[in-house]
file my_file-v7.txt (compact mmCIF, C-alpha atoms)
# COMPACT_ATOMS: atom_id res chain seq x y z
CA MET A 1 189.29 262.79 20.33
CA LYS A 2 190.49 259.50 21.83
CA ARG A 3 186.94 258.84 23.04
CA ALA A 4 185.58 259.54 19.57
CA VAL A 5 188.09 257.13 18.01
CA ALA A 6 187.23 254.51 20.64
CA ALA A 7 183.52 255.05 19.96
CA GLY A 8 184.14 254.72 16.21
CA ALA A 9 186.10 251.51 16.74
CA PHE A 10 183.35 250.16 19.00
CA LEU A 11 180.70 251.04 16.42
CA VAL A 12 182.64 249.26 13.67
CA LEU A 13 183.13 246.29 15.99
CA MET A 14 179.43 246.24 16.79
CA ILE A 15 178.46 246.30 13.10
CA ALA A 16 181.03 243.57 12.39
CA PHE A 17 179.65 241.49 15.26
CA SER A 18 176.10 242.01 13.96
CA LEU A 19 177.15 240.93 10.46
CA VAL A 20 178.93 237.81 11.73
CA ASN A 21 175.96 237.05 13.96
CA THR A 22 173.51 237.48 11.06
CA HIS A 23 175.64 235.12 8.98
CA PHE A 24 175.72 232.52 11.77
CA LEU A 25 171.99 232.85 12.41
CA SER A 26 171.26 232.60 8.70
CA ARG A 27 173.33 229.40 8.39
CA LEU A 28 171.55 227.86 11.36
CA ILE A 29 168.10 228.68 9.99
CA GLU A 30 169.05 227.56 6.48
CA ARG A 31 170.27 224.24 7.88
CA VAL A 32 166.93 223.63 9.63
CA SER A 33 165.15 224.59 6.40
CA GLU A 34 167.32 222.17 4.41
CA LEU A 35 166.59 219.39 6.91
CA ALA A 36 162.85 220.06 6.58
CA GLU A 37 163.17 219.72 2.82
CA CYS A 38 165.16 216.48 3.22
CA VAL A 39 162.49 215.09 5.53
CA SER A 40 159.83 215.87 2.94
CA GLN A 41 161.91 214.17 0.23
CA CYS A 42 162.57 211.08 2.37
CA VAL A 43 158.88 210.78 3.31
CA LYS A 44 157.86 210.94 -0.37
CA GLU A 45 160.40 208.20 -1.15
CA GLY A 46 159.20 206.12 1.81
CA GLN A 47 162.55 206.29 3.61
CA TRP A 48 161.01 206.72 7.04
CA LEU A 49 164.16 205.98 9.05
CA ASP A 50 166.12 208.66 7.18
CA ALA A 51 163.20 211.05 7.56
CA GLU A 52 163.09 210.36 11.29
CA GLU A 53 166.82 210.96 11.59
CA ARG A 54 166.60 214.30 9.71
CA ALA A 55 163.54 215.46 11.66
CA SER A 56 165.29 214.62 14.91
CA GLU A 57 168.41 216.48 13.75
CA ALA A 58 166.32 219.57 12.89
CA GLU A 59 164.63 219.48 16.27
CA SER A 60 167.83 219.04 18.28
CA LEU A 61 169.61 221.72 16.21
CA TRP A 62 166.84 224.20 16.98
CA LEU A 63 166.50 223.24 20.65
CA SER A 64 170.24 223.15 21.37
CA ASN A 65 170.52 226.76 20.13
CA SER A 66 167.38 227.85 21.94
CA SER A 67 169.11 230.26 24.37
CA TYR A 68 171.06 231.91 21.57
CA LEU A 69 167.95 232.15 19.38
CA HIS A 70 165.94 233.73 22.21
CA THR A 71 168.53 236.53 22.51
CA MET A 72 168.52 237.18 18.76
CA LEU A 73 164.97 236.54 17.56
CA LYS A 74 161.55 237.43 18.85
CA HIS A 75 160.58 234.90 21.52
CA ARG A 76 157.37 233.96 19.71
CA ASP A 77 159.37 233.11 16.56
CA VAL A 78 161.66 230.81 18.54
CA ASN A 79 158.68 229.15 20.22
CA ALA A 80 156.91 228.74 16.87
CA GLY A 81 160.05 227.15 15.41
CA THR A 82 160.25 224.73 18.34
CA GLU A 83 156.61 223.80 17.90
CA LYS A 84 156.98 223.22 14.15
CA THR A 85 160.05 221.00 14.53
CA LEU A 86 158.25 218.94 17.20
CA VAL A 87 155.14 218.55 15.01
CA LEU A 88 157.32 217.42 12.09
CA GLU A 89 159.14 214.85 14.22
CA MET A 90 155.86 213.56 15.63
CA CYS A 91 154.27 213.18 12.16
CA VAL A 92 157.33 211.28 10.92
CA ARG A 93 157.32 208.97 13.94
CA LEU A 94 153.61 208.27 13.35
CA ARG A 95 154.41 207.54 9.67
CA ASP A 96 151.80 210.12 8.66
CA GLU A 97 152.90 210.95 5.11
CA ASP A 98 150.49 213.83 4.43
CA GLY A 99 150.98 215.32 7.89
CA ALA A 100 154.76 215.04 7.66
CA CYS A 101 154.88 216.65 4.21
CA LEU A 102 152.64 219.47 5.39
CA ALA A 103 154.64 219.96 8.61
CA ALA A 104 157.93 219.95 6.65
CA ALA A 105 156.58 222.50 4.17
CA GLU A 106 155.35 224.70 7.02
CA LEU A 107 158.68 224.45 8.85
CA LYS A 108 160.64 225.25 5.69
CA GLN A 109 158.38 228.22 4.89
CA PHE A 110 158.66 229.49 8.46
CA MET A 111 162.46 229.22 8.48
CA ASP A 112 162.72 230.94 5.10
CA ASP A 113 160.50 233.78 6.36
CA VAL A 114 162.55 234.23 9.55
CA ASN A 115 165.74 234.17 7.52
CA ALA A 116 164.37 236.76 5.10
CA ASN A 117 163.36 239.03 8.00
CA GLU A 118 166.80 238.87 9.58
CA SER A 119 168.92 239.26 6.45
CA LEU A 120 170.54 242.56 5.55
CA THR A 121 168.53 243.65 2.52
CA ALA A 122 167.26 246.99 1.26
CA GLU A 123 163.66 245.77 1.75
CA ASN A 124 164.28 245.05 5.43
CA ILE A 125 165.95 248.40 6.03
CA PHE A 126 163.57 250.62 4.14
CA MET B 1 170.26 242.35 14.57
CA VAL B 2 172.40 244.09 11.95
CA VAL B 3 169.22 245.43 10.34
CA SER B 4 168.17 247.20 13.55
CA VAL B 5 171.66 248.73 13.97
CA ILE B 6 171.72 249.97 10.36
CA ILE B 7 168.17 251.34 10.66
CA THR B 8 169.16 253.15 13.88
CA LEU B 9 172.16 254.78 12.17
CA ILE B 10 170.05 255.88 9.20
CA VAL B 11 167.27 257.25 11.44
CA TYR B 12 169.88 259.07 13.56
CA PHE B 13 171.37 260.89 10.60
CA VAL B 14 167.99 261.63 8.98
CA ILE B 15 166.59 263.12 12.22
CA TYR B 16 169.84 265.02 12.72
CA VAL B 17 169.55 266.63 9.29
CA LEU B 18 165.86 267.35 9.87
CA MET B 19 166.64 269.01 13.21
CA ARG B 20 169.24 271.19 11.54
CA ILE B 21 166.72 272.15 8.83
CA MET B 22 164.07 272.94 11.47
CA GLY B 23 166.40 275.48 12.98
CA LYS B 24 167.77 276.58 16.32
CA ARG B 25 164.57 277.69 17.98
CA GLN B 26 163.18 274.13 17.95
CA LEU B 27 165.94 272.73 20.13
CA GLY B 28 165.84 274.49 23.49
CA GLU B 29 169.09 274.16 25.42
CA LEU B 30 170.33 271.05 23.61
CA GLU B 31 172.68 270.85 20.66
CA PRO B 32 171.14 269.05 17.64
CA ALA B 33 173.19 265.87 18.20
CA GLU B 34 172.24 265.73 21.88
CA PHE B 35 168.60 266.36 21.05
CA VAL B 36 168.47 263.56 18.48
CA VAL B 37 170.12 261.10 20.87
CA ALA B 38 167.81 262.09 23.73
CA VAL B 39 164.72 261.64 21.57
CA LEU B 40 165.81 258.34 20.02
CA ILE B 41 167.29 256.66 23.10
CA SER B 42 164.12 257.17 25.12
CA ASP B 43 162.13 255.52 22.37
CA ILE B 44 164.50 252.66 21.51
CA ALA B 45 165.25 251.78 25.13
CA ALA B 46 161.52 251.55 25.83
CA TYR B 47 160.96 249.12 22.96
CA PRO B 48 162.04 245.88 24.75
CA ILE B 49 160.27 247.09 27.89
CA GLN B 50 156.96 247.63 26.13
CA ASP B 51 157.20 244.50 24.01
CA VAL B 52 158.41 241.61 26.17
CA ASP B 53 158.50 239.43 23.06
CA THR B 54 161.50 241.39 21.83
CA PRO B 55 164.98 240.38 23.07
CA LEU B 56 166.75 242.98 25.21
CA LEU B 57 169.66 243.03 22.78
CA SER B 58 167.36 244.59 20.16
CA GLY B 59 167.13 247.66 22.38
CA LEU B 60 170.67 247.67 23.74
CA LEU B 61 172.60 247.41 20.47
CA PRO B 62 170.87 250.34 18.73
CA THR B 63 171.19 252.40 21.94
CA ALA B 64 174.93 251.67 22.05
CA ALA B 65 175.16 252.57 18.36
CA LEU B 66 173.50 255.93 19.07
CA VAL B 67 175.86 256.70 21.94
CA CYS B 68 178.81 255.86 19.66
CA CYS B 69 177.44 258.20 16.97
CA GLN B 70 177.06 260.96 19.54
CA MET B 71 180.62 260.49 20.82
CA ILE B 72 182.04 260.42 17.28
CA ILE B 73 180.20 263.60 16.31
CA SER B 74 181.23 265.33 19.56
CA GLY B 75 184.87 264.37 18.87
CA ILE B 76 184.76 265.71 15.30
CA ILE B 77 182.99 268.88 16.50
CA LEU B 78 185.86 269.48 18.94
CA LYS B 79 188.46 269.09 16.22
CA SER B 80 186.89 270.81 13.20
CA SER B 81 185.34 274.27 13.31
CA ARG B 82 183.94 273.77 9.81
CA PHE B 83 182.17 270.57 10.88
CA ARG B 84 181.03 272.31 14.06
CA ALA B 85 179.37 275.06 12.00
CA ALA B 86 177.71 272.47 9.75
CA ALA B 87 176.60 270.19 12.57
CA CYS B 88 175.56 272.69 15.23
CA GLY B 89 174.99 275.81 13.17
CA THR B 90 176.39 279.24 14.02
CA PRO B 91 175.04 281.86 16.42
CA SER B 92 172.90 284.56 14.77
CA LEU B 93 172.89 288.23 15.69
CA ILE B 94 169.20 289.09 15.96
CA ILE B 95 169.50 292.52 17.64
CA GLU B 96 172.31 294.98 16.95
CA ASN B 97 172.47 298.41 18.54
CA GLY B 98 168.85 298.14 19.69
CA ARG B 99 167.57 297.29 16.20
CA LEU B 100 166.03 293.99 15.15
CA MET B 101 167.92 292.19 12.40
CA GLN B 102 164.90 291.26 10.28
CA GLU B 103 166.83 289.20 7.72
CA GLU B 104 168.32 287.06 10.49
CA MET B 105 164.90 286.72 12.08
CA LYS B 106 163.47 285.49 8.77
CA SER B 107 166.29 283.05 8.15
CA ASN B 108 165.83 281.62 11.67
CA ARG B 109 162.02 281.75 11.35
CA MET B 110 161.76 283.75 14.57
CA THR B 111 158.84 285.95 15.41
CA ILE B 112 159.02 289.19 17.34
CA ASP B 113 157.01 287.51 20.12
CA GLU B 114 159.65 284.81 20.51
CA ILE B 115 162.41 287.42 20.70
CA GLN B 116 160.46 289.40 23.28
CA MET B 117 159.93 286.23 25.30
CA GLY B 118 163.68 285.49 25.14
CA LEU B 119 164.47 289.03 26.30
CA ARG B 120 161.95 288.84 29.15
CA LYS B 121 163.62 285.63 30.32
CA ASN B 122 166.81 287.68 30.55
CA GLY B 123 164.96 290.36 32.57
CA ILE B 124 164.82 292.81 29.66
CA LEU B 125 161.61 294.57 28.63
CA ASP B 126 162.88 297.21 26.22
CA ILE B 127 164.52 296.11 22.95
CA SER B 128 166.20 299.49 22.56
CA SER B 129 168.26 298.84 25.72
CA VAL B 130 169.89 295.81 24.07
CA LYS B 131 173.22 296.42 22.38
CA TYR B 132 173.45 292.87 21.01
CA ALA B 133 171.20 289.82 21.20
CA VAL B 134 172.44 286.52 19.87
CA LEU B 135 170.38 283.44 19.02
CA GLU B 136 172.65 280.66 20.21
CA THR B 137 172.98 277.27 18.52
CA ASP B 138 170.94 275.63 21.29
CA GLY B 139 167.98 277.98 20.64
CA THR B 140 168.49 280.28 23.64
CA ILE B 141 168.97 284.06 23.39
CA SER B 142 172.01 285.75 24.92
CA THR B 143 171.92 289.50 25.45
CA ILE B 144 174.43 292.26 26.00
CA LEU B 145 172.97 295.55 27.21
CA TYR B 146 174.19 299.08 26.50
CA PRO B 147 176.63 300.08 29.23
CA SER B 148 174.17 302.72 30.41
CA ASP B 149 171.53 300.01 30.94
CA SER B 150 173.86 297.41 32.45
CA PRO B 151 173.72 296.74 36.19
CA VAL B 152 176.49 298.46 38.13
CA THR B 153 179.30 296.29 39.39
CA ALA B 154 181.45 296.59 42.50
CA GLU B 155 184.36 297.50 40.24
CA MET B 156 182.41 300.42 38.72
CA MET B 157 181.53 301.59 42.22
CA LYS B 158 185.15 301.11 43.37
CA ILE B 159 183.95 298.90 46.22
CA ASP B 160 185.98 296.02 47.62
CA ALA B 161 183.57 293.10 47.23
CA GLY B 162 185.96 290.63 48.85
CA GLU B 163 187.01 287.24 47.53
CA THR B 164 184.58 284.62 46.42
CA ALA B 165 185.12 281.42 48.38
CA TYR B 166 183.72 278.05 47.43
CA PRO B 167 181.45 276.63 50.13
CA VAL B 168 181.70 272.96 51.04
CA THR B 169 179.01 270.93 52.76
CA VAL B 170 180.18 269.60 56.12
CA ILE B 171 176.85 268.27 57.45
CA SER B 172 174.12 266.93 55.22
CA ASP B 173 170.89 265.66 56.82
CA GLY B 174 172.59 264.95 60.15
CA LYS B 175 175.64 263.24 58.67
CA VAL B 176 179.14 264.74 58.91
CA ILE B 177 181.09 264.64 55.65
CA LEU B 178 184.60 264.20 57.04
CA SER B 179 186.38 264.53 53.68
CA ASN B 180 184.77 267.96 53.13
CA LEU B 181 185.50 268.98 56.72
CA SER B 182 189.20 268.27 56.32
CA ALA B 183 189.23 269.81 52.81
CA ALA B 184 187.90 273.02 54.38
CA GLY B 185 190.83 272.93 56.84
CA HIS B 186 188.78 272.05 59.92
CA ASP B 187 188.41 269.09 62.25
CA LYS B 188 185.79 267.49 64.51
CA ASN B 189 186.76 269.73 67.46
CA TRP B 190 186.11 272.84 65.41
CA LEU B 191 182.77 271.37 64.28
CA ALA B 192 181.79 270.55 67.89
CA ARG B 193 182.58 274.13 68.94
CA GLU B 194 180.54 275.60 66.08
CA LEU B 195 177.61 273.33 66.88
CA ALA B 196 177.78 274.25 70.57
CA LYS B 197 177.67 277.96 69.63
CA ARG B 198 174.39 277.22 67.81
CA ASN B 199 172.91 275.16 70.65
CA ALA B 200 173.10 271.94 68.65
CA HIS B 201 173.96 268.89 70.74
CA SER B 202 175.16 266.74 67.87
CA PRO B 203 175.38 266.71 64.05
CA GLU B 204 172.11 264.74 64.03
CA ASP B 205 170.36 267.99 65.03
CA VAL B 206 171.62 269.74 61.88
CA PHE B 207 169.92 269.50 58.50
CA PHE B 208 172.57 271.37 56.52
CA MET B 209 175.83 273.12 57.31
CA SER B 210 178.44 274.46 54.93
CA VAL B 211 181.60 276.52 55.34
CA ASP B 212 183.53 278.47 52.74
CA GLY B 213 187.17 279.48 52.47
CA ASN B 214 186.47 282.80 54.21
CA GLY B 215 185.07 280.95 57.23
CA CYS B 216 181.47 281.93 56.49
CA ILE B 217 179.10 279.28 57.80
CA HIS B 218 175.62 278.50 56.54
CA TYR B 219 173.67 276.64 59.20
CA GLU B 220 170.18 275.06 59.00
CA PRO B 221 168.94 273.10 62.04
CA LYS B 222 166.55 270.21 61.56
CA GLU B 223 162.94 271.21 61.82
CA GLU B 224 161.00 269.30 64.43
CA THR B 225 158.57 266.93 62.75
CA LYS B 226 155.11 266.50 64.15
call {"tool": "encode", "arguments": {"input": "my_file-v7.txt", "output": "structure tokens"}}
result
Amino acid sequence: MKRAVAAGAFLVLMIAFSLVNTHFLSRLIERVSELAECVSQCVKEGQWLDAEERASEAESLWLSNSSYLHTMLKHRDVNAGTEKTLVLEMCVRLRDEDGACLAAAELKQFMDDVNANESLTAENIF
Amino acid sequence: MVVSVIITLIVYFVIYVLMRIMGKRQLGELEPAEFVVAVLISDIAAYPIQDVDTPLLSGLLPTAALVCCQMIISGIILKSSRFRAAACGTPSLIIENGRLMQEEMKSNRMTIDEIQMGLRKNGILDISSVKYAVLETDGTISTILYPSDSPVTAEMMKIDAGETAYPVTVISDGKVILSNLSAAGHDKNWLARELAKRNAHSPEDVFFMSVDGNGCIHYEPKEETK
């Protein structure tokens, strides 16, 4: 019975770890999504330096958590996220307003989709 | 990550219930919980192998969750007979006094052919020689013959059959297992004498050698390879 109790405790711990991890992952993805939205806003207002700063922050946030993201998400999703943050930063640096807005919208949509796929909802389970 | 763990738990319990509904004869030497875990683990563990795009953790966490479920259910089964009956089912008497229990057969969805096959596996051809046959929870059939049809034993014949002694392997593929040799109460000198009696120059010439508590030795020399 001790083994069963230990297994039960481990299972609870594992679910708790998964929940905490999902929360952490969700916050990280939401932050990148928020930054993409900020970049879009700044570009529309012509604040290119702010936009550059936000785009750079989004890119470094995603890249600095790359190892963690690769253990939690599908590798192609992580690579796609990296590519989208780089494209956004490049468009902002080139002062390409249309390209930057499009890249920011794509990055935000991508992050929202990944977040939706990873969140604990009835749709995802069933 | 949490989604895959929750899905695994749901699938585990759904398949478990389905296996119980399907009945004993579907299982074949595994209890329902073991069967479900065996089926699911093989599939889940293969997932990160087949799809290299998936992180390993996606396969490991659900597998660990399944093992935990299995250990929890095994623990509860040990403690509660009521849960044991619900989770594993109860044995069914399918033959009593040489007569087929047709109601039990129907409730277990067993055909006469399947019962005959189960009896043949036990070396029985005639149903009327069976006093009791029980369909066990793992899907196998256990039989008890009428005393008149049971094989005679040494006790019935009033014969001294001697003691059963557990044999230990002392040489395996040319290598002496010293711990077994000393556990059997012998030493290297004894082994050298026994090998000399059998014209073996060294343990390397022996493929297998065991000795039991009564001193009975089983000896197999190495066959010469071409």
call {"tool": "residues_around", "arguments": {"input": "my_file-v7.txt", "residues": "segment 175-191 of chain B", "least_positions_apart": "5", "cutoff": "8 Å", "atoms": "all atoms listed in the file", "output": "PDB file with C-alpha atoms, in the coordinates of the input"}}
result
ATOM      1  CA  VAL B 168     181.700 272.960  51.040  1.00  0.00           C
ATOM      2  CA  THR B 169     179.010 270.930  52.760  1.00  0.00           C
ATOM      3  CA  VAL B 170     180.180 269.600  56.120  1.00  0.00           C
ATOM      4  CA  PRO B 203     175.380 266.710  64.050  1.00  0.00           C
ATOM      5  CA  GLU B 204     172.110 264.740  64.030  1.00  0.00           C
ATOM      6  CA  VAL B 211     181.600 276.520  55.340  1.00  0.00           C
ATOM      7  CA  ASP B 212     183.530 278.470  52.740  1.00  0.00           C
ATOM      8  CA  GLY B 213     187.170 279.480  52.470  1.00  0.00           C
TER       9      GLY B 213
END
call {"tool": "closest_residue", "arguments": {"input": "my_file-v7.txt", "among": "B:Asp51, B:Glu224, B:Asp113, B:Asp149", "to": "chain A", "atoms": "only C-alpha atoms"}}
result
B:Asp51
call {"tool": "residues_around", "arguments": {"input": "my_file-v7.txt", "residues": "His75 of chain A", "least_positions_apart": "4", "cutoff": "7 Å", "atoms": "all atoms listed in the file", "output": "number ranges by chain"}}
result
A: 70, 79; B: 53-54
call {"tool": "interface_residues", "arguments": {"input": "my_file-v7.txt", "of": "chain B", "to": "chain A", "cutoff": "7 Å", "atoms": "all atoms listed in the file", "output": "PyMOL selection string"}}
result
chain B and resi 1-3+7+53-55+57+65+68+71-72+75
call {"tool": "residues_around", "arguments": {"input": "my_file-v7.txt", "residues": "Thr137 of chain B", "least_positions_apart": "6", "cutoff": "7 Å", "atoms": "only C-alpha atoms", "output": "list in words"}}
result
Lys24, Glu31, Cys88, Gly89, Thr90 and Pro91 of chain B
call {"tool": "write_last_selection", "arguments": {"input": "my_file-v7.txt", "atoms": "C-alpha atoms", "output": "mmCIF file, in the coordinates of the input"}}
result
data_model
loop_
_atom_site.group_PDB
_atom_site.id
_atom_site.type_symbol
_atom_site.label_atom_id
_atom_site.label_comp_id
_atom_site.auth_asym_id
_atom_site.auth_seq_id
_atom_site.Cartn_x
_atom_site.Cartn_y
_atom_site.Cartn_z
ATOM 1 C CA LYS B 24 167.770 276.580 16.320
ATOM 2 C CA GLU B 31 172.680 270.850 20.660
ATOM 3 C CA CYS B 88 175.560 272.690 15.230
ATOM 4 C CA GLY B 89 174.990 275.810 13.170
ATOM 5 C CA THR B 90 176.390 279.240 14.020
ATOM 6 C CA PRO B 91 175.040 281.860 16.420
#
call {"tool": "residues_around", "arguments": {"input": "my_file-v7.txt", "residues": "Ile144 of chain B", "least_positions_apart": "5", "cutoff": "12 Å", "atoms": "all atoms listed in the file", "output": "PyMOL selection string"}}
result
chain B and resi 93-98+119+122-124+127-135+149-151
call {"tool": "atom_distance", "arguments": {"input": "my_file-v7.txt", "atom1": "atom CA of Ser107 of chain B", "atom2": "atom CA of Arg84 of chain B"}}
result
19.2 Å
call {"tool": "atom_distance", "arguments": {"input": "my_file-v7.txt", "atom1": "atom CA of Gly59 of chain B", "atom2": "atom CA of Phe110 of chain A"}}
result
24.4 Å
call {"tool": "residues_around", "arguments": {"input": "my_file-v7.txt", "residues": "Gly81 of chain A", "least_positions_apart": "6", "cutoff": "10 Å", "atoms": "all atoms listed in the file", "output": "VMD selection string"}}
result
chain A and resid 29 32 59 62 to 63 66 75 87 106 to 108 110 to 111 114
call {"tool": "atom_distance", "arguments": {"input": "my_file-v7.txt", "atom1": "atom CA of Tyr68 of chain A", "atom2": "atom CA of Arg54 of chain A"}}
result
21.7 Å
call {"tool": "axis_aligned_box", "arguments": {"input": "my_file-v7.txt", "around": "segment 20-33 of chain A", "padding_each_side": "6 Å", "output": "AutoDock Vina command-line options"}}
result
--center_x 172.0 --center_y 230.7 --center_z 10.2 --size_x 25.8 --size_y 26.2 --size_z 19.6
call {"tool": "residues_near_point", "arguments": {"input": "my_file-v7.txt", "point": "(156.3, 210.8, -0.6)", "cutoff": "12 Å", "atoms": "all atoms listed in the file", "output": "list of chain:residue names"}}
result
A:Glu37, A:Cys38, A:Val39, A:Ser40, A:Gln41, A:Cys42, A:Val43, A:Lys44, A:Glu45, A:Gly46, A:Gln47, A:Trp48, A:Ala51, A:Val92, A:Arg95, A:Asp96, A:Glu97, A:Asp98, A:Gly99, A:Ala100, A:Cys101, A:Leu102, A:Ala104
call {"tool": "closest_residue", "arguments": {"input": "my_file-v7.txt", "among": "B:Arg198, B:Ala33, B:Leu40, B:Glu114", "to": "Ile76 of chain B", "atoms": "all atoms listed in the file"}}
result
B:Ala33
call {"tool": "closest_residue", "arguments": {"input": "my_file-v7.txt", "among": "B:Ser81, B:Asn108, B:Thr143, B:Thr8", "to": "Leu125 of chain B", "atoms": "all atoms listed in the file"}}
result
B:Thr143
